[in-house]
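*Asks:* So that you have it, the file is final15.pdb, and it contains PDB, C-alpha atoms:
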ATOM      1  CA  MET I  15       2.166   1.277  23.038
ATOM      2  CA  SER I  16       5.543   1.944  24.675
ATOM      3  CA  LEU I  17       8.778   0.606  23.246
ATOM      4  CA  ARG I  18       9.214  -1.574  26.323
ATOM      5  CA  ALA I  19       5.752  -3.108  25.865
ATOM      6  CA  ALA I  20       6.352  -3.636  22.183
ATOM      7  CA  THR I  21       9.670  -5.387  22.692
ATOM      8  CA  HIS I  22       8.148  -7.859  25.131
ATOM      9  CA  ARG I  23       5.840  -8.979  22.325
ATOM     10  CA  VAL I  24       8.737  -9.780  19.998
ATOM     11  CA  ARG I  25      10.587 -13.079  20.206
ATOM     12  CA  PRO I  26      14.333 -12.495  19.869
ATOM     13  CA  VAL I  27      15.528 -13.548  16.394
ATOM     14  CA  VAL I  28      18.955 -13.904  14.859
ATOM     15  CA  SER I  29      18.323 -12.208  11.534
ATOM     16  CA  LEU I  30      16.124  -9.713   9.752
ATOM     17  CA  GLN I  31      14.820 -12.537   7.562
ATOM     18  CA  GLU I  32      13.602 -14.451  10.616
ATOM     19  CA  PHE I  33      12.038 -11.268  11.967
ATOM     20  CA  PHE I  34      10.019 -10.850   8.780
ATOM     21  CA  LYS I  35       9.178 -14.553   8.654
ATOM     22  CA  ASP I  36       7.472 -14.223  12.030
ATOM     23  CA  SER I  37       5.884 -10.902  11.061
ATOM     24  CA  VAL I  38       4.475 -12.199   7.770
ATOM     25  CA  ALA I  39       3.079 -15.340   9.412
ATOM     26  CA  LEU I  40       1.356 -13.318  12.141
ATOM     27  CA  ALA I  41      -0.006 -10.735   9.695
ATOM     28  CA  MET I  42      -1.351 -13.440   7.362
ATOM     29  CA  GLN I  43      -3.111 -15.029  10.312
ATOM     30  CA  LYS I  44      -4.629 -11.727  11.422
ATOM     31  CA  GLN I  45      -5.772 -10.868   7.896
ATOM     32  CA  GLY I  46      -7.091 -14.374   7.210
ATOM     33  CA  VAL I  47      -4.802 -14.788   4.185
ATOM     34  CA  ALA I  48      -3.903 -18.353   3.242
ATOM     35  CA  ALA I  49      -1.037 -18.993   0.836
ATOM     36  CA  ASP I  50       1.487 -21.609  -0.137
ATOM     37  CA  ASP I  51       4.621 -21.646   2.022
ATOM     38  CA  HIS I  52       6.766 -20.811  -1.014
ATOM     39  CA  THR I  53       4.698 -17.686  -1.674
ATOM     40  CA  ALA I  54       4.948 -16.535   1.935
ATOM     41  CA  TYR I  55       8.694 -17.173   1.849
ATOM     42  CA  TYR I  56       8.980 -15.069  -1.311
ATOM     43  CA  VAL I  57       7.323 -12.150   0.489
ATOM     44  CA  VAL I  58       9.678 -12.599   3.451
ATOM     45  CA  ASN I  59      12.683 -12.433   1.128
ATOM     46  CA  LEU I  60      11.249  -9.386  -0.627
ATOM     47  CA  LEU I  61      10.947  -7.510   2.667
ATOM     48  CA  THR I  62      14.452  -8.557   3.680
ATOM     49  CA  LEU I  63      15.859  -7.375   0.344
ATOM     50  CA  PHE I  64      14.132  -3.991   0.452
ATOM     51  CA  ALA I  65      15.441  -3.399   3.955
ATOM     52  CA  ARG I  66      18.425  -2.052   2.044
ATOM     53  CA  HIS I  67      17.658   1.372   0.608
ATOM     54  CA  GLU I  68      19.666   0.831  -2.567
ATOM     55  CA  ALA I  69      17.716  -2.336  -3.403
ATOM     56  CA  LEU I  70      14.462  -0.382  -3.644
ATOM     57  CA  TYR I  71      15.487   3.018  -4.978
ATOM     58  CA  GLU I  72      17.255   3.882  -8.224
ATOM     59  CA  ARG I  73      20.120   6.383  -8.242
ATOM     60  CA  SER I  74      19.728   9.479 -10.411
ATOM     61  CA  LYS I  75      21.223  12.948 -10.782
ATOM     62  CA  THR I  76      18.561  14.327  -8.450
ATOM     63  CA  GLY I  77      19.092  11.625  -5.843
ATOM     64  CA  PRO I  78      17.592   8.218  -5.085
ATOM     65  CA  GLY I  79      13.981   7.603  -6.060
ATOM     66  CA  LEU I  80      11.523   4.992  -7.205
ATOM     67  CA  GLN I  81      11.756   4.170 -10.882
ATOM     68  CA  PRO I  82       8.347   4.815 -12.516
ATOM     69  CA  LEU I  83       6.432   1.609 -13.169
ATOM     70  CA  ALA I  84       5.646   2.771 -16.698
ATOM     71  CA  LEU I  85       9.377   2.881 -17.483
ATOM     72  CA  LEU I  86       9.878  -0.603 -16.068
ATOM     73  CA  LEU I  87       7.042  -1.917 -18.201
ATOM     74  CA  ALA I  88       8.595  -0.221 -21.207
ATOM     75  CA  GLU I  89      11.857  -2.020 -20.381
ATOM     76  CA  ALA I  90       9.965  -5.303 -20.301
ATOM     77  CA  ALA I  91       8.315  -4.602 -23.666
ATOM     78  CA  GLU I  92      11.631  -3.635 -25.272
ATOM     79  CA  ALA I  93      13.744  -6.316 -23.591
ATOM     80  CA  PRO I  94      16.085  -8.163 -25.956
ATOM     81  CA  ASP I  95      15.407 -11.532 -24.344
ATOM     82  CA  ARG I  96      13.040 -13.337 -22.007
ATOM     83  CA  ASP I  97      15.294 -13.104 -18.957
ATOM     84  CA  SER I  98      15.526  -9.314 -19.229
ATOM     85  CA  CYS I  99      11.780  -9.062 -19.713
ATOM     86  CA  ASN I 100      11.118 -11.265 -16.695
ATOM     87  CA  ALA I 101      13.528  -9.236 -14.548
ATOM     88  CA  ALA I 102      11.671  -6.021 -15.406
ATOM     89  CA  LEU I 103       8.267  -7.602 -14.718
ATOM     90  CA  ARG I 104       9.490  -8.946 -11.408
ATOM     91  CA  ARG I 105      10.774  -5.501 -10.464
ATOM     92  CA  VAL I 106       7.339  -4.049 -11.204
ATOM     93  CA  GLY I 107       5.599  -6.676  -9.078
ATOM     94  CA  ASP I 108       8.034  -6.488  -6.170
ATOM     95  CA  THR I 109       8.182  -2.694  -6.080
ATOM     96  CA  SER I 110       4.415  -2.352  -6.349
ATOM     97  CA  LEU I 111       3.796  -4.787  -3.506
ATOM     98  CA  PHE I 112       6.290  -3.162  -1.155
ATOM     99  CA  VAL I 113       5.262   0.404  -1.950
ATOM    100  CA  ALA I 114       1.525  -0.276  -1.715
ATOM    101  CA  GLY I 115       1.890  -2.224   1.524
ATOM    102  CA  PHE I 116       4.576  -0.278   3.379
ATOM    103  CA  LEU I 117       4.346   3.209   1.924
ATOM    104  CA  GLY I 118       0.648   3.387   1.132
ATOM    105  CA  ASP I 119      -0.051   6.216   3.576
ATOM    106  CA  GLY I 120       1.906   8.576   1.341
ATOM    107  CA  PHE I 121      -0.538   8.223  -1.547
ATOM    108  CA  ALA I 122      -2.921  10.670   0.079
ATOM    109  CA  ARG I 123      -0.536  13.424  -1.024
ATOM    110  CA  LYS I 124       0.227  12.081  -4.492
ATOM    111  CA  LEU I 125      -1.495  11.989  -7.864
ATOM    112  CA  VAL I 126      -0.890   8.231  -8.218
ATOM    113  CA  ASP I 127      -3.372   6.191  -6.192
ATOM    114  CA  ILE I 128      -2.589   2.955  -4.379
ATOM    115  CA  ASP I 129      -4.910   1.115  -6.770
ATOM    116  CA  TYR I 130      -2.492   1.950  -9.572
ATOM    117  CA  TYR I 131       0.273   0.011  -7.816
ATOM    118  CA  ILE I 132      -2.099  -2.847  -7.023
ATOM    119  CA  ASP I 133      -3.275  -3.136 -10.627
ATOM    120  CA  MET I 134       0.214  -2.822 -12.097
ATOM    121  CA  GLY I 135       1.819  -5.203  -9.620
ATOM    122  CA  GLY I 136      -0.834  -7.877  -9.939
ATOM    123  CA  ALA I 137      -0.708  -7.721 -13.732
ATOM    124  CA  ALA I 138       3.095  -7.917 -13.746
ATOM    125  CA  TYR I 139       3.129 -11.005 -11.541
ATOM    126  CA  GLY I 140       0.453 -12.572 -13.758
ATOM    127  CA  ARG I 141       2.519 -12.034 -16.904
ATOM    128  CA  LEU I 142       5.616 -13.254 -15.114
ATOM    129  CA  SER I 143       3.898 -16.454 -14.019
ATOM    130  CA  ALA I 144       2.965 -17.246 -17.610
ATOM    131  CA  SER I 145       6.423 -16.337 -18.878
ATOM    132  CA  VAL I 146       8.416 -18.588 -16.515
ATOM    133  CA  ARG I 147       6.071 -21.548 -16.916
ATOM    134  CA  GLY I 148       7.834 -24.286 -18.797
ATOM    135  CA  VAL I 149      11.320 -22.728 -18.586
ATOM    136  CA  GLN I 150      14.132 -23.053 -16.058
ATOM    137  CA  GLY I 151      12.366 -20.829 -13.526
ATOM    138  CA  ARG I 152       9.072 -22.692 -13.701
ATOM    139  CA  ALA I 153       9.230 -23.442  -9.963
ATOM    140  CA  PHE I 154       8.331 -19.767  -9.429
ATOM    141  CA  SER I 155       5.324 -19.897 -11.752
ATOM    142  CA  ALA I 156       2.904 -20.959  -9.014
ATOM    143  CA  VAL I 157       4.354 -18.355  -6.629
ATOM    144  CA  PHE I 158       3.891 -15.505  -9.085
ATOM    145  CA  ALA I 159       0.414 -16.775 -10.003
ATOM    146  CA  GLU I 160      -0.642 -16.706  -6.349
ATOM    147  CA  LEU I 161       0.854 -13.263  -5.826
ATOM    148  CA  ALA I 162      -1.090 -12.045  -8.865
ATOM    149  CA  GLU I 163      -4.333 -13.574  -7.628
ATOM    150  CA  LYS I 164      -3.940 -12.391  -4.036
ATOM    151  CA  PHE I 165      -2.000  -9.190  -4.612
ATOM    152  CA  ARG I 166      -4.455  -6.991  -2.707
ATOM    153  CA  ASP I 167      -4.475  -9.513   0.147
ATOM    154  CA  PHE I 168      -0.686  -9.359   0.429
ATOM    155  CA  VAL I 169      -0.817  -5.567   0.374
ATOM    156  CA  ASP I 170      -3.046  -5.884   3.439
ATOM    157  CA  VAL I 171      -0.525  -8.267   4.996
ATOM    158  CA  LEU I 172       2.302  -5.766   4.550
ATOM    159  CA  THR I 173       0.086  -2.951   5.810
ATOM    160  CA  GLU I 174      -0.662  -5.030   8.901
ATOM    161  CA  ILE I 175       3.064  -5.494   9.503
ATOM    162  CA  ARG I 176       3.674  -1.772   9.091
ATOM    163  CA  ALA I 177       0.907  -0.908  11.540
ATOM    164  CA  SER I 178       1.818  -3.560  14.120
ATOM    165  CA  GLY I 179       3.480  -2.973  17.475
ATOM    166  CA  THR I 180       6.767  -4.302  16.043
ATOM    167  CA  ALA I 181       7.316  -0.948  14.292
ATOM    168  CA  ALA I 182       8.549  -2.644  11.119
ATOM    169  CA  LEU I 183       9.376   0.586   9.310
ATOM    170  CA  ASP I 184      11.589   1.666  12.199
ATOM    171  CA  VAL I 185      13.275  -1.724  12.065
ATOM    172  CA  LEU I 186      13.955  -1.276   8.354
ATOM    173  CA  ARG I 187      15.524   2.143   8.936
ATOM    174  CA  LEU I 188      17.581   0.952  11.897
ATOM    175  CA  TYR I 189      18.803  -2.089  10.018
ATOM    176  CA  GLU I 190      19.913   0.007   7.071
ATOM    177  CA  VAL I 191      21.809   2.426   9.333
ATOM    178  CA  TRP I 192      23.516  -0.429  11.140
ATOM    179  CA  LEU I 193      24.286  -2.287   7.899
ATOM    180  CA  LYS I 194      25.958   0.758   6.370
ATOM    181  CA  THR I 195      27.713   2.248   9.379
ATOM    182  CA  GLY I 196      28.048  -0.446  12.021
ATOM    183  CA  SER I 197      26.436   1.976  14.495
ATOM    184  CA  ARG I 198      26.440   0.567  18.023
ATOM    185  CA  ARG I 199      23.375   2.631  18.861
ATOM    186  CA  ALA I 200      21.464   1.178  15.890
ATOM    187  CA  ALA I 201      22.592  -2.322  16.877
ATOM    188  CA  GLN I 202      21.334  -1.809  20.421
ATOM    189  CA  GLN I 203      17.986  -0.493  19.181
ATOM    190  CA  LEU I 204      17.666  -3.517  16.898
ATOM    191  CA  ARG I 205      18.253  -5.783  19.884
ATOM    192  CA  GLU I 206      15.520  -3.916  21.753
ATOM    193  CA  GLN I 207      13.231  -4.765  18.823
ATOM    194  CA  GLY I 208      14.180  -8.432  19.090
ATOM    195  CA  ILE I 209      16.806  -8.624  16.326
ATOM    196  CA  GLU I 210      20.388  -9.705  16.878
ATOM    197  CA  PRO I 211      22.524  -7.972  14.214
ATOM    198  CA  ASN I 212      24.706 -10.296  12.141
ATOM    199  CA  THR I 213      28.204  -8.818  12.468
ATOM    200  CA  THR I 214      29.601 -11.055   9.709
ATOM    201  CA  LEU I 215      27.009  -9.762   7.230
ATOM    202  CA  ASN I 216      27.644  -6.204   8.292
ATOM    203  CA  ALA I 217      31.395  -6.434   7.721
ATOM    204  CA  ALA I 218      30.957  -8.088   4.341
ATOM    205  CA  THR I 219      28.402  -5.505   3.210
ATOM    206  CA  ARG I 220      30.473  -2.468   4.199
ATOM    207  CA  HIS I 221      33.498  -3.829   2.373
TER     208      HIS I 221
END
Turn the structure described in the file into structure tokens.

*Replies:*
Amino acid sequence: MSLRAATHRVRPVVSLQEFFKDSVALAMQKQGVAADDHTAYYVVNLLTLFARHEALYERSKTGPGLQPLALLLAEAAEAPDRDSCNAALRRVGDTSLFVAGFLGDGFARKLVDIDYYIDMGGAAYGRLSASVRGVQGRAFSAVFAELAEKFRDFVDVLTEIRASGTAALDVLRLYEVWLKTGSRRAAQQLREQGIEPNTTLNAATRH
């Protein structure tokens, strides 16, 4: 599909969040995945967050990279309090879902299989759901429970978005370039994909 044909299929939106809201809804429909609106909205926010490279990757001496899930689980086990434990579990779930859904093609060349991320992510969300139940964050308990139960389904949803004519991975890369540099070229390419860059957000982020 040409870029011109692809852009005609995309309704112009005013933000990356709205772009992913439409993409998630369409992918869920295509994959036959039913979920509570709050759960779908959580996935939309996750995709919007990880559009920024630094939100997904950890900085190290050798450069940015994904923090191993085993280390995150160790952080959860050794956490001094419930909030720290929950934050580590949430990081495991969120990272696993994004990586398995958006970067799954890369597993063919790695020792770690996609099922590892699916198992770890689903288990983390399950533990998180039980942990926040009955505390201040209990409103998220049902969301995390549904993500745990339907983790593989949501991986398929993200994979559908990645494979769609909207070229979601290209949008993520373009958005990050524009967010960091204010590139006019990146802004124009985002508009061609149906996204109107938010200049206020860009200025605030770069400062």

*Asks:* One decimal, Å: what's the distance from atom CA of Thr62 of chain I over to atom CA of Gly196 of chain I, could you say?

*Replies:*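 One can read the atom CA of Thr62 of chain I to atom CA of Gly196 of chain I distance as 17.9 Å.
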
*Asks:* Run the PyMOL selection byres ((chain I and resi 136) around 10) on the file and write out the hits as a list in words.

*Replies:*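 What the PyMOL selection byres ((chain I and resi 136) around 10) grabs from the file is Val106, Gly107, Asp108, Ser110, Leu111, Tyr130, Tyr131, Ile132, Asp133, Met134, Gly135, Ala137, Ala138, Tyr139, Gly140, Arg141, Leu142, Phe158, Ala159, Glu160, Leu161, Ala162, Glu163, Lys164, Phe165 and Arg166 of chain I.
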
*Asks:* Name the closest residue to Ala54 of chain I among the candidates I:Val113, I:Val146, I:Ala39, I:Ala90; distances are taken between atoms, counting all atoms listed in the file.

*Replies:*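 Result for the nearest residue to Ala54 of chain I: I:Ala39.
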
*Asks:* Just give me the gap between atom CA of Arg176 of chain I and atom CA of Tyr56 of chain I in Å, one decimal is fine.

*Replies:*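 So the answer is 17.7 Å.
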
*Asks:* As an exercise, work out the distance from atom CA of Gln202 of chain I to atom CA of Phe33 of chain I in Å and give it to one decimal place.

*Replies:*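 Computed distance, atom CA of Gln202 of chain I to atom CA of Phe33 of chain I, equals 15.7 Å.
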
*Asks:* To test your reading of the syntax: which residues would the PyMOL selection byres ((chain I and resi 46) around 12) return for the file shown? Reply as a list in words.

*Replies:*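 Selected by the PyMOL selection byres ((chain I and resi 46) around 12) here: Val38, Ala39, Leu40, Ala41, Met42, Gln43, Lys44, Gln45, Val47, Ala48, Ala49, Lys164, Asp167, Phe168, Asp170, Val171 and Glu174 of chain I.
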
*Asks:* Deliver the residues from the most recent selection as a file, using C-alpha atoms, as a PDB file, in the coordinates of the input.

*Replies:*
ATOM      1  CA  VAL I  38       4.475 -12.199   7.770  1.00  0.00           C
ATOM      2  CA  ALA I  39       3.079 -15.340   9.412  1.00  0.00           C
ATOM      3  CA  LEU I  40       1.356 -13.318  12.141  1.00  0.00           C
ATOM      4  CA  ALA I  41      -0.006 -10.735   9.695  1.00  0.00           C
ATOM      5  CA  MET I  42      -1.351 -13.440   7.362  1.00  0.00           C
ATOM      6  CA  GLN I  43      -3.111 -15.029  10.312  1.00  0.00           C
ATOM      7  CA  LYS I  44      -4.629 -11.727  11.422  1.00  0.00           C
ATOM      8  CA  GLN I  45      -5.772 -10.868   7.896  1.00  0.00           C
ATOM      9  CA  VAL I  47      -4.802 -14.788   4.185  1.00  0.00           C
ATOM     10  CA  ALA I  48      -3.903 -18.353   3.242  1.00  0.00           C
ATOM     11  CA  ALA I  49      -1.037 -18.993   0.836  1.00  0.00           C
ATOM     12  CA  LYS I 164      -3.940 -12.391  -4.036  1.00  0.00           C
ATOM     13  CA  ASP I 167      -4.475  -9.513   0.147  1.00  0.00           C
ATOM     14  CA  PHE I 168      -0.686  -9.359   0.429  1.00  0.00           C
ATOM     15  CA  ASP I 170      -3.046  -5.884   3.439  1.00  0.00           C
ATOM     16  CA  VAL I 171      -0.525  -8.267   4.996  1.00  0.00           C
ATOM     17  CA  GLU I 174      -0.662  -5.030   8.901  1.00  0.00           C
TER      18      GLU I 174
END

*Asks:* (12.8, -17.2, 3.8) in this file's frame - what residues fall within 7 Å of it? Use all atoms listed in the file and give the answer as a list in words.

*Replies:*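 Residues found, by chain and rising number: Gln31, Lys35, Tyr55, Tyr56, Val58 and Asn59 of chain I.
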
*Asks:* Could you turn the residues from that selection into a file that holds C-alpha atoms, as a PDB file, in the frame of the given file?

*Replies:*
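To be explicit, this is the file written out as again.pdb:
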ATOM      1  CA  GLN I  31      14.820 -12.537   7.562  1.00  0.00           C
ATOM      2  CA  LYS I  35       9.178 -14.553   8.654  1.00  0.00           C
ATOM      3  CA  TYR I  55       8.694 -17.173   1.849  1.00  0.00           C
ATOM      4  CA  TYR I  56       8.980 -15.069  -1.311  1.00  0.00           C
ATOM      5  CA  VAL I  58       9.678 -12.599   3.451  1.00  0.00           C
ATOM      6  CA  ASN I  59      12.683 -12.433   1.128  1.00  0.00           C
TER       7      ASN I  59
END

*Asks:* List the residues matched by the PyMOL selection byres ((chain I and resi 87) around 10) in the displayed structure as a PyMOL selection string, ordered by chain and then by residue number.

*Replies:* chain I and resi 82-86+88-93+99+102-103+105-106+134+138

*Asks:* Return the single residue from I:Ser145, I:Ser37, I:Ser29, I:Asn100 that is closest to Ile175 of chain I, with distances computed using all atoms listed in the file.

*Replies:* I:Ser37
